[in-house]
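File shown: query-v4.cif (mmCIF, C-alpha atoms).
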data_my_file
#
loop_
_atom_site.label_atom_id
_atom_site.label_comp_id
_atom_site.auth_asym_id
_atom_site.auth_seq_id
_atom_site.Cartn_x
_atom_site.Cartn_y
_atom_site.Cartn_z
CA MET A 16 -36.13 2.33 -21.75
CA ASN A 17 -33.49 0.08 -20.20
CA THR A 18 -30.26 0.48 -22.18
CA LYS A 19 -27.94 -1.47 -19.90
CA LYS A 20 -25.63 -3.81 -21.79
CA ASN A 21 -25.40 -7.49 -20.94
CA LEU A 22 -22.03 -8.68 -19.66
CA LEU A 23 -21.10 -12.33 -19.26
CA LEU A 24 -18.23 -12.85 -16.83
CA ILE A 25 -16.34 -16.14 -16.78
CA SER A 26 -13.42 -16.76 -14.47
CA SER A 27 -11.03 -19.58 -13.65
CA TRP A 28 -11.26 -18.45 -10.02
CA TYR A 29 -14.59 -17.73 -8.37
CA PRO A 30 -16.03 -18.47 -4.91
CA ASN A 31 -17.93 -21.72 -4.50
CA PRO A 32 -19.45 -23.62 -1.55
CA GLU A 33 -16.24 -25.58 -0.96
CA ARG A 34 -13.90 -22.59 -1.31
CA PRO A 35 -15.89 -19.45 -0.46
CA PHE A 36 -12.84 -17.16 -0.65
CA LEU A 37 -11.47 -18.39 -3.98
CA GLY A 38 -11.32 -15.43 -6.37
CA ASN A 39 -13.45 -13.26 -4.11
CA PHE A 40 -11.83 -10.22 -5.73
CA VAL A 41 -13.30 -11.35 -9.07
CA GLN A 42 -16.70 -11.58 -7.42
CA ARG A 43 -16.28 -8.03 -6.13
CA GLN A 44 -15.31 -6.94 -9.64
CA ALA A 45 -18.55 -8.46 -10.98
CA GLU A 46 -20.49 -6.54 -8.33
CA LEU A 47 -18.74 -3.32 -9.31
CA LEU A 48 -19.60 -3.79 -12.99
CA ALA A 49 -23.20 -4.55 -12.01
CA GLN A 50 -23.55 -0.87 -11.10
CA LYS A 51 -23.54 -0.08 -14.83
CA TYR A 52 -24.39 -3.36 -16.60
CA HIS A 53 -26.47 -6.50 -16.40
CA VAL A 54 -23.83 -8.97 -15.20
CA THR A 55 -24.18 -12.74 -15.42
CA VAL A 56 -21.53 -15.15 -14.15
CA ILE A 57 -21.27 -18.80 -15.16
CA ASN A 58 -19.49 -20.72 -12.41
CA THR A 59 -18.81 -24.40 -13.15
CA ILE A 60 -18.03 -26.41 -10.00
CA GLY A 61 -16.84 -30.00 -9.64
CA ASP A 62 -18.81 -31.71 -6.87
CA ALA A 63 -18.28 -35.25 -5.56
CA ALA A 64 -21.82 -35.21 -4.16
CA VAL A 65 -23.57 -35.07 -7.56
CA THR A 66 -23.91 -37.81 -10.16
CA THR A 67 -25.42 -35.69 -12.93
CA ILE A 68 -25.05 -32.07 -14.01
CA GLU A 69 -27.15 -29.78 -11.83
CA SER A 70 -27.55 -26.02 -11.90
CA LYS A 71 -29.05 -23.26 -9.84
CA THR A 72 -29.17 -19.47 -10.16
CA ILE A 73 -28.49 -17.07 -7.33
CA GLU A 74 -28.48 -13.27 -7.30
CA ASN A 75 -26.35 -11.16 -4.99
CA ASN A 76 -25.52 -7.45 -5.15
CA GLY A 77 -26.87 -7.14 -8.69
CA VAL A 78 -24.97 -10.13 -10.08
CA LYS A 79 -26.76 -13.13 -11.52
CA GLU A 80 -24.63 -16.23 -10.93
CA ILE A 81 -25.43 -19.47 -12.70
CA GLN A 82 -23.81 -22.23 -10.66
CA VAL A 83 -23.41 -25.50 -12.57
CA PHE A 84 -22.31 -28.52 -10.56
CA PHE A 85 -20.83 -31.51 -12.33
CA PRO A 86 -19.66 -34.96 -11.12
CA LEU A 87 -15.96 -35.56 -10.66
CA GLU A 88 -14.42 -37.95 -13.18
CA THR A 89 -11.06 -39.71 -13.14
CA SER A 90 -10.75 -40.36 -16.87
CA LEU A 91 -9.28 -37.38 -18.74
CA LEU A 92 -11.75 -37.74 -21.63
CA LYS A 93 -14.76 -38.09 -19.32
CA LYS A 94 -13.56 -35.14 -17.26
CA ARG A 95 -13.26 -32.96 -20.36
CA LYS A 96 -16.68 -34.02 -21.64
CA VAL A 97 -18.54 -33.41 -18.38
CA GLN A 98 -16.90 -30.00 -17.94
CA PHE A 99 -17.85 -29.04 -21.49
CA ASN A 100 -21.45 -30.19 -20.96
CA ALA A 101 -21.64 -28.33 -17.65
CA PHE A 102 -20.56 -25.10 -19.29
CA GLU A 103 -22.99 -25.62 -22.15
CA THR A 104 -25.73 -26.02 -19.53
CA GLY A 105 -24.85 -22.59 -18.21
CA LEU A 106 -24.71 -21.01 -21.67
CA SER A 107 -28.12 -22.42 -22.55
CA GLN A 108 -29.68 -20.32 -19.78
CA ILE A 109 -28.54 -17.02 -21.30
CA GLU A 110 -30.43 -15.33 -24.16
CA HIS A 111 -28.18 -12.44 -25.12
CA VAL A 112 -24.66 -11.19 -24.39
CA ASP A 113 -23.12 -7.90 -25.56
CA VAL A 114 -19.61 -8.50 -24.29
CA ILE A 115 -17.75 -11.33 -22.56
CA ILE A 116 -15.19 -10.70 -19.83
CA GLY A 117 -12.85 -13.64 -19.41
CA GLU A 118 -10.92 -13.46 -16.16
CA ILE A 119 -7.73 -15.48 -15.52
CA ALA A 120 -6.89 -17.69 -18.49
CA LEU A 121 -5.69 -20.89 -16.88
CA PRO A 122 -7.28 -23.34 -16.74
CA LYS A 123 -10.69 -22.20 -18.08
CA SER A 124 -9.91 -19.95 -21.06
CA TRP A 125 -11.56 -22.53 -23.34
CA GLN A 126 -14.83 -21.37 -21.76
CA PHE A 127 -14.14 -17.78 -22.86
CA LEU A 128 -13.78 -18.97 -26.46
CA GLN A 129 -16.81 -21.27 -26.30
CA ALA A 130 -18.95 -18.35 -25.13
CA LYS A 131 -17.54 -16.08 -27.86
CA LYS A 132 -18.37 -18.70 -30.48
CA LYS A 133 -21.95 -18.97 -29.24
CA PHE A 134 -22.74 -15.27 -28.84
CA ASN A 135 -20.43 -13.86 -31.54
CA CYS A 136 -19.56 -10.81 -29.45
CA PRO A 137 -16.38 -9.08 -28.23
CA LEU A 138 -14.18 -10.89 -25.72
CA ILE A 139 -12.28 -8.80 -23.18
CA TYR A 140 -9.61 -10.81 -21.40
CA ILE A 141 -8.13 -9.71 -18.06
CA ASP A 142 -5.57 -11.65 -16.07
CA GLN A 143 -4.05 -11.57 -12.63
CA GLY A 144 -2.63 -15.07 -12.41
CA SER A 145 1.03 -15.58 -11.50
CA TYR A 146 1.76 -18.06 -14.33
CA TYR A 147 3.21 -15.41 -16.67
CA ARG A 148 6.36 -15.09 -14.59
CA ALA A 149 9.34 -16.62 -16.38
CA GLU A 150 9.97 -19.60 -14.08
CA ILE A 151 6.40 -20.84 -14.59
CA ARG A 152 5.83 -19.64 -18.16
CA ASN A 153 8.91 -21.49 -19.38
CA ASN A 154 7.50 -24.74 -17.97
CA TRP A 155 3.97 -24.58 -19.35
CA ASN A 156 2.73 -27.97 -20.54
CA PHE A 157 1.24 -28.56 -23.97
CA VAL A 158 -2.34 -27.90 -22.84
CA GLU A 159 -1.44 -24.60 -21.19
CA LYS A 160 0.51 -23.43 -24.24
CA PHE A 161 -2.39 -24.43 -26.50
CA LEU A 162 -4.98 -22.61 -24.39
CA ILE A 163 -2.98 -19.37 -24.40
CA TRP A 164 -2.26 -19.69 -28.14
CA LYS A 165 -5.97 -20.09 -28.92
CA LEU A 166 -6.84 -17.17 -26.66
CA LYS A 167 -4.33 -14.88 -28.37
CA LYS A 168 -5.99 -15.55 -31.73
CA LYS A 169 -9.54 -14.82 -30.61
CA VAL A 170 -9.40 -12.15 -27.90
CA ASP A 171 -10.52 -8.61 -28.80
CA CYS A 172 -8.95 -6.78 -25.86
CA THR A 173 -6.30 -7.75 -23.32
CA ILE A 174 -5.91 -6.31 -19.82
CA ALA A 175 -3.37 -6.77 -17.02
CA VAL A 176 -4.12 -5.68 -13.47
CA SER A 177 -0.77 -3.93 -13.05
CA GLU A 178 2.20 -2.63 -15.00
CA PHE A 179 4.24 -5.28 -13.21
CA LEU A 180 2.13 -8.08 -14.70
CA LYS A 181 1.91 -6.32 -18.06
CA ASN A 182 5.69 -6.57 -18.44
CA ASP A 183 5.54 -10.34 -17.99
CA MET A 184 2.52 -10.77 -20.26
CA LYS A 185 4.35 -8.89 -23.03
CA GLU A 186 6.64 -11.89 -23.37
CA VAL A 187 3.64 -13.86 -24.66
CA PHE A 188 1.32 -11.16 -26.04
CA ASN A 189 4.22 -9.45 -27.78
CA LYS A 190 2.12 -8.10 -30.67
CA THR A 191 -0.90 -7.16 -28.60
CA GLU A 192 -1.82 -3.90 -26.90
CA ILE A 193 -2.16 -4.61 -23.20
CA ASN A 194 -4.31 -2.23 -21.16
CA VAL A 195 -3.93 -1.87 -17.40
CA ILE A 196 -6.92 -1.77 -15.03
CA GLY A 197 -6.25 -2.55 -11.40
CA ASN A 198 -8.51 -4.16 -8.85
CA HIS A 199 -10.78 -1.84 -6.94
CA ILE A 200 -11.25 -1.44 -3.22
CA ASP A 201 -13.98 0.16 -1.15
CA THR A 202 -12.18 3.26 0.07
CA ASP A 203 -15.13 4.13 2.31
CA LEU A 204 -14.80 0.79 4.08
CA PHE A 205 -11.00 0.83 4.07
CA SER A 206 -10.89 4.30 5.53
CA LEU A 207 -8.23 6.55 6.97
CA SER A 208 -8.55 6.27 10.72
CA PRO A 209 -6.35 7.45 13.60
CA LYS A 210 -3.82 4.74 14.35
CA SER A 211 -4.06 2.92 17.65
CA GLU A 212 -1.47 3.89 20.23
CA ASN A 213 0.14 0.48 20.56
CA ASP A 214 2.44 -0.47 23.42
CA LYS A 215 4.21 -2.71 20.92
CA THR A 216 4.77 -2.17 17.20
CA HIS A 217 2.09 -4.14 15.33
CA PHE A 218 2.84 -5.79 12.00
CA LEU A 219 0.11 -7.29 9.81
CA HIS A 220 0.04 -9.80 6.96
CA ILE A 221 -3.10 -11.02 5.16
CA SER A 222 -3.00 -13.85 2.60
CA THR A 223 -3.54 -17.54 1.94
CA LEU A 224 0.06 -18.15 3.10
CA ASP A 225 0.54 -20.15 -0.07
CA GLU A 226 4.13 -21.44 -0.20
CA LYS A 227 4.23 -21.01 -4.00
CA THR A 228 4.20 -17.21 -3.82
CA LYS A 229 3.63 -15.77 -0.33
CA ASN A 230 6.88 -16.99 1.28
CA PRO A 231 5.49 -17.58 4.79
CA GLU A 232 8.70 -19.34 5.86
CA GLY A 233 10.70 -16.23 4.99
CA MET A 234 8.42 -14.03 7.09
CA ILE A 235 8.67 -16.40 10.06
CA ASN A 236 12.45 -16.51 9.78
CA ALA A 237 12.58 -12.70 9.74
CA ILE A 238 10.29 -12.61 12.79
CA GLU A 239 12.66 -14.98 14.59
CA LYS A 240 15.63 -12.74 13.73
CA LEU A 241 13.69 -9.73 15.00
CA SER A 242 12.91 -11.51 18.29
CA PHE A 243 16.66 -11.72 18.99
CA LEU A 244 16.88 -7.92 18.67
CA THR A 245 13.70 -6.81 20.46
CA GLY A 246 10.58 -8.14 22.11
CA ASN A 247 8.63 -4.96 21.56
CA PHE A 248 6.51 -6.11 18.62
CA LYS A 249 3.53 -8.22 17.63
CA PHE A 250 2.92 -9.88 14.25
CA THR A 251 -0.59 -10.87 13.13
CA PHE A 252 -1.22 -13.32 10.29
CA VAL A 253 -4.74 -13.23 8.86
CA SER A 254 -5.51 -16.18 6.57
CA ASP A 255 -8.55 -17.95 5.17
CA GLU A 256 -6.63 -21.23 4.77
CA ASN A 257 -5.45 -23.88 7.24
CA VAL A 258 -2.56 -22.42 9.29
CA GLU A 259 -1.75 -25.45 11.46
CA LYS A 260 1.61 -26.00 9.76
CA ARG A 261 2.64 -22.38 10.42
CA GLN A 262 1.43 -22.54 14.00
CA ASN A 263 3.59 -25.61 14.59
CA ILE A 264 6.65 -23.79 13.21
CA ILE A 265 5.94 -20.82 15.47
CA ALA A 266 5.69 -23.18 18.44
CA GLU A 267 8.93 -24.95 17.51
CA LYS A 268 10.71 -21.59 17.33
CA ARG A 269 9.05 -20.46 20.58
CA LEU A 270 7.62 -17.35 19.00
CA GLU A 271 4.10 -17.63 20.43
CA ASN A 272 4.52 -14.40 22.42
CA TYR A 273 5.13 -12.47 19.21
CA VAL A 274 2.81 -14.09 16.66
CA GLU A 275 -0.93 -14.64 16.38
CA PHE A 276 -3.03 -16.26 13.65
CA VAL A 277 -6.52 -14.98 12.86
CA GLY A 278 -9.15 -16.03 10.33
CA PRO A 279 -10.86 -16.74 8.14
CA LEU A 280 -12.45 -13.28 8.07
CA GLU A 281 -14.94 -11.56 5.82
CA TRP A 282 -13.65 -8.63 3.79
CA HIS A 283 -15.12 -5.98 6.10
CA GLU A 284 -13.75 -7.73 9.17
CA THR A 285 -10.14 -7.07 8.14
CA VAL A 286 -10.47 -3.28 8.30
CA ASN A 287 -9.78 -2.93 12.02
CA TYR A 288 -6.62 -4.99 11.65
CA TYR A 289 -5.27 -2.40 9.20
CA HIS A 290 -6.32 0.42 11.54
CA ASN A 291 -4.50 -1.25 14.43
CA ALA A 292 -1.34 -2.04 12.44
CA ASP A 293 1.76 0.11 12.36
CA ALA A 294 2.85 -1.54 9.11
CA PHE A 295 1.64 -4.12 6.62
CA VAL A 296 4.18 -6.77 5.57
CA LEU A 297 4.20 -8.44 2.16
CA PHE A 298 7.14 -10.78 1.49
CA SER A 299 5.88 -12.52 -1.63
CA ASP A 300 8.15 -13.99 -4.28
CA TYR A 301 5.62 -12.80 -6.88
CA GLU A 302 2.38 -10.81 -7.00
CA THR A 303 0.46 -9.58 -10.02
CA PHE A 304 -1.43 -6.91 -8.06
CA SER A 305 -2.01 -7.69 -4.36
CA VAL A 306 -5.33 -6.28 -3.20
CA VAL A 307 -4.07 -6.21 0.39
CA LEU A 308 -1.48 -3.60 -0.60
CA ALA A 309 -4.20 -1.36 -2.04
CA GLU A 310 -6.24 -1.85 1.14
CA SER A 311 -3.20 -0.95 3.23
CA PHE A 312 -2.62 2.21 1.19
CA SER A 313 -6.27 3.19 1.54
CA THR A 314 -6.12 2.94 5.33
CA GLY A 315 -2.94 5.02 5.47
CA THR A 316 -0.89 2.03 6.64
CA PRO A 317 2.73 1.96 5.46
CA VAL A 318 3.97 -1.24 3.85
CA ILE A 319 7.13 -3.28 4.00
CA SER A 320 7.16 -5.21 0.75
CA THR A 321 9.18 -7.02 -1.84
CA ASN A 322 9.33 -5.38 -5.27
CA VAL A 323 6.19 -7.06 -6.64
CA GLY A 324 2.70 -6.15 -7.91
CA ILE A 325 1.67 -2.60 -7.14
CA ALA A 326 4.61 -2.31 -4.73
CA HIS A 327 6.91 -2.41 -7.77
CA ASN A 328 9.10 0.71 -7.63
CA LEU A 329 7.42 1.68 -4.37
CA ASP A 330 7.73 5.35 -3.42
CA LYS A 331 9.87 5.63 -0.26
CA ASN A 332 7.21 7.90 1.24
CA ILE A 333 4.68 5.04 1.09
CA GLY A 334 6.77 2.26 2.60
CA LEU A 335 9.96 0.22 2.55
CA THR A 336 11.14 -2.25 -0.09
CA VAL A 337 13.08 -5.35 0.94
CA GLU A 338 14.69 -8.25 -0.92
CA ASN A 339 15.58 -10.86 1.69
CA GLU A 340 14.95 -12.00 5.27
CA GLU A 341 17.75 -9.89 6.69
CA GLN A 342 16.38 -6.74 5.08
CA LEU A 343 12.85 -7.57 6.24
CA CYS A 344 14.10 -8.00 9.80
CA ASN A 345 16.01 -4.72 9.62
CA ALA A 346 13.01 -2.85 8.18
CA MET A 347 10.74 -4.09 10.96
CA PHE A 348 13.41 -3.27 13.57
CA ALA A 349 13.68 0.27 12.18
CA MET A 350 9.93 0.68 12.69
CA VAL A 351 10.09 -0.72 16.20
CA LYS A 352 12.83 1.80 17.04
CA LYS A 353 10.80 4.52 15.28
CA GLU A 354 13.71 5.37 13.02
CA VAL A 355 11.29 5.77 10.08
CA SER A 356 7.91 7.47 9.90
CA PHE A 357 5.22 7.97 7.27
CA ASP A 358 2.34 10.34 6.63
CA PRO A 359 -0.91 8.30 6.66
CA ALA A 360 -2.74 10.99 4.62
CA LEU A 361 -0.12 10.79 1.87
CA ILE A 362 -0.37 7.00 1.80
CA ARG A 363 -4.16 7.27 1.64
CA THR A 364 -3.90 9.64 -1.34
CA HIS A 365 -1.76 7.07 -3.14
CA GLY A 366 -4.37 4.39 -2.49
CA MET A 367 -7.25 6.43 -3.90
CA GLN A 368 -6.24 5.47 -7.45
CA TYR A 369 -7.90 2.13 -6.71
CA GLN A 370 -11.21 3.48 -5.42
CA SER A 371 -14.33 1.96 -6.95
CA ASP A 372 -15.41 4.96 -9.06
CA VAL A 373 -11.98 5.35 -10.63
CA ILE A 374 -11.75 1.68 -11.62
CA LEU A 375 -15.37 1.54 -12.82
CA ASP A 376 -14.79 4.57 -15.05
CA LYS A 377 -11.83 2.79 -16.64
CA TRP A 378 -13.97 -0.27 -17.32
CA THR A 379 -16.89 1.67 -18.79
CA SER A 380 -14.58 3.66 -21.08
CA LEU A 381 -13.00 0.45 -22.34
CA ILE A 382 -16.24 -1.47 -22.76
CA ALA A 383 -17.77 1.46 -24.66
CA LYS A 384 -15.15 0.98 -27.38
CA TYR A 385 -16.62 -2.44 -28.11
CA VAL A 386 -20.33 -2.19 -27.35
CA GLY A 387 -21.07 1.54 -27.41
#

Can you give me the file's structure in the form of C-alpha cells?
Amino acid sequence: MNTKKNLLLISSWYPNPERPFLGNFVQRQAELLAQKYHVTVINTIGDAAVTTIESKTIENNGVKEIQVFFPLETSLLKKRKVQFNAFETGLSQIEHVDVIIGEIALPKSWQFLQAKKKFNCPLIYIDQGSYYRAEIRNNWNFVEKFLIWKLKKKVDCTIAVSEFLKNDMKEVFNKTEINVIGNHIDTDLFSLSPKSENDKTHFLHISTLDEKTKNPEGMINAIEKLSFLTGNFKFTFVSDENVEKRQNIIAEKRLENYVEFVGPLEWHETVNYYHNADAFVLFSDYETFSVVLAESFSTGTPVISTNVGIAHNLDKNIGLTVENEEQLCNAMFAMVKKEVSFDPALIRTHGMQYQSDVILDKWTSLIAKYVG
C-alpha cells in the first residue's frame, strides 16, 4: 500500500522557460522532498506569446510540475484576474493535498492562502527572500504589508533558511515560532578534492551579480586595489545573468589579465571551479542563506565573506570575514602571500550539516507533526 503523503509546493521563484535559473534551489528542494513524498508544483508564468490561459504538466526527478501560462496584461485589475484564473487552472488539476509548502512570500503568498482555502490542509511557509531586512521591510507598500499580514493569520508553521534570516523575520513574526531549515546541497557532487597547484592564487565568485545585494562594484574595486599590490592572482566570476556591464568596467580599469567571466553553467558544472579555487569570495550586502557558501564549505574551499547568511559569525578556521573593500583587498592579499591557511577537511566537516539526508530528515520530522 502506497502511504506517501501529497505535498503541494508553491513558490514565488521557480525556473521557467524565460528564466531557467530563477529559484533553481527551490526546484532542487522539491526534488529532495520527492524522495519521501508525492510532490506537485504549480508554476504560474506570464507569457507574451499566449492570448489565453494554457497549461502543461511535466515530470522531472520525481516532481510533477503544472506549468500554467497566462497572457500579460497592463491593467492592474485585468492582471490580477488573469493571474488568479491561471492559478485556479492549476489547482483544478489536483485531487488531494495533505500539506502545502509555500516558498518565498512576495509576491505570490496569496496563492499559498488560495490553496489552503481549497484543500483545507496545513500550510508550511518557508522564506529565503531578502525583503525582511530593515531597509526594505520599512518601505513595504500597502500590498506587500497586506500579503504578509494575511499570511501571518493563516500559516500553520513558519521556517527561515538560516538563523540570520530568522532574526530579521522575528521583527514581523514576533509572536510566531520560527523554525530553521537550511538549503541542501549534494555533498557527493560538491566533494572534497585535492586542490589544484595554481601558479597564481585563484579566487571564485558565483552569483547573479545583482547590484541590489551582491555588490559586484565593491568586489571589482577590491580587485583593482589588489592589482596595485600584486599580479599573482586570478579572479573568476561565474554568473547566469548578462555580465556585459561588468566586463566593460573591467576593461575600463584594465583588469582583463586578472579577471574572467564564465557562465551560465549548470549546477554540476560549477564543481570544478570550487576545486580549482583557493578561496571563494562573497561580498554581499545581504544574504538569507547563500547556497554557494554551503557548496564552498562542502568542497573544502575557504571563504572570504561579509557577515551575512550562513557566514554570519563565521568560524575563523573556515574563512575570513570582511566589512569593506579595503578589508576584502587585504584578505585576498593575505591569501596570495600565504599568510593564512585552512584545513580543507575541517571546512568540509562544517559543510556536511547541509547534506541532503540531514536536511531531508529535518523536513520529514517537521511535516510529520502536521500530517503524521

Using the chain letters and numbers from the file, give me the residues hit by the PyMOL selection byres ((chain A and resi 280) around 10), as a compact mmCIF listing (two decimals) with C-alpha atoms, in the frame of the given file.
# COMPACT_ATOMS: atom_id res chain seq x y z
CA PHE A 36 -12.84 -17.16 -0.65
CA VAL A 253 -4.74 -13.23 8.86
CA SER A 254 -5.51 -16.18 6.57
CA ASP A 255 -8.55 -17.95 5.17
CA VAL A 277 -6.52 -14.98 12.86
CA GLY A 278 -9.15 -16.03 10.33
CA PRO A 279 -10.86 -16.74 8.14
CA GLU A 281 -14.94 -11.56 5.82
CA TRP A 282 -13.65 -8.63 3.79
CA HIS A 283 -15.12 -5.98 6.10
CA GLU A 284 -13.75 -7.73 9.17
CA THR A 285 -10.14 -7.07 8.14

Item to complete: Output the residue selection produced by the PyMOL selection byres ((chain A and resi 85) around 12) on the file above, formatted as a ChimeraX atom specification.
Response: /A:58-71,82-84,86-88,93-105

Discussion item. Considering only C-alpha atoms, can you say which of A:Thr303, A:Gln129, A:Thr336, A:Asn291 comes closest to Ser208 of chain A?
Written reply: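 Comparing A:Thr303, A:Gln129, A:Thr336, A:Asn291 against Ser208 of chain A, the winner is A:Asn291.
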
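The gap separating atom CA of Leu121 of chain A from atom CA of Glu159 of chain A is 7.1 Å, in Å to one decimal.
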
Discussion item. Give me, as a VMD selection string, all polymer residues having an atom no more than 7 Å from segment 312-323 of chain A, counting all atoms listed in the file and skipping those fewer than 2 positions away in the same chain.
Written reply: chain A and resid 202 205 to 208 289 to 290 293 to 299 301 to 302 308 to 310 325 to 328 333 to 338 357 359 to 360 362 to 363 365 to 367

Fill in: Test item: the PyMOL selection byres ((chain A and resi 40) around 10) resolved as a PyMOL selection string
chain A and resi 28-30+36-39+41-46+198-200+282+306

Fill in: Interatomic distance, atom CA of Ala120 of chain A to atom CA of Ile193 of chain A (Å, one decimal)
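About the pair atom CA of Ala120 of chain A and atom CA of Ile193 of chain A: they are 14.7 Å apart.
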
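Coordinates place atom CA of Lys167 of chain A at a distance of 25.0 Å from atom CA of Leu92 of chain A.
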
Worksheet item: What's the 12 Å shell around Phe188 of chain A, counting only C-alpha atoms, without same-chain residues fewer than 4 positions away, as a list in words?
Response: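 Answer for this query is Tyr140, Tyr147, Ile163, Trp164, Lys165, Leu166, Lys167, Lys168, Val170, Cys172, Thr173, Ile174, Ala175, Leu180, Lys181, Asn182, Asp183, Met184, Glu192, Ile193 and Asn194 of chain A.
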
Fill in: Protein/DNA/RNA residues near (-10.3, 5.6, -12.1), cut 12 Å, only C-alpha atoms, as a ChimeraX atom specification
/A:195-200,366-381

Would you write out those residues with C-alpha atoms, as a short mmCIF file (atom, residue, chain, number, x, y, z; two decimals), in the frame of the given file?
data_model
loop_
_atom_site.label_atom_id
_atom_site.label_comp_id
_atom_site.auth_asym_id
_atom_site.auth_seq_id
_atom_site.Cartn_x
_atom_site.Cartn_y
_atom_site.Cartn_z
CA VAL A 195 -3.93 -1.87 -17.40
CA ILE A 196 -6.92 -1.77 -15.03
CA GLY A 197 -6.25 -2.55 -11.40
CA ASN A 198 -8.51 -4.16 -8.85
CA HIS A 199 -10.78 -1.84 -6.94
CA ILE A 200 -11.25 -1.44 -3.22
CA GLY A 366 -4.37 4.39 -2.49
CA MET A 367 -7.25 6.43 -3.90
CA GLN A 368 -6.24 5.47 -7.45
CA TYR A 369 -7.90 2.13 -6.71
CA GLN A 370 -11.21 3.48 -5.42
CA SER A 371 -14.33 1.96 -6.95
CA ASP A 372 -15.41 4.96 -9.06
CA VAL A 373 -11.98 5.35 -10.63
CA ILE A 374 -11.75 1.68 -11.62
CA LEU A 375 -15.37 1.54 -12.82
CA ASP A 376 -14.79 4.57 -15.05
CA LYS A 377 -11.83 2.79 -16.64
CA TRP A 378 -13.97 -0.27 -17.32
CA THR A 379 -16.89 1.67 -18.79
CA SER A 380 -14.58 3.66 -21.08
CA LEU A 381 -13.00 0.45 -22.34
#

Discussion item. Considering all atoms listed in the file, can you say which of A:Trp125, A:Gly233, A:Phe348, A:Val158 comes closest to Phe218 of chain A?
Written reply: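 Closest to Phe218 of chain A of all the choices is A:Phe348.
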
Worksheet item: Leaving out Asp300 of chain A and any residue of its chain fewer than 4 positions from it, which residues lie within 7 Å of it when counting all atoms listed in the file, given as a list in words?
Response: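 Skipping anything fewer than 4 positions along the chain leaves Thr228, Lys229 and Asn230 of chain A.
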
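Distance check against Lys215 of chain A using all atoms listed in the file: of A:Lys160, A:Lys353, A:Lys132, A:Lys331, the minimum falls on A:Lys353.
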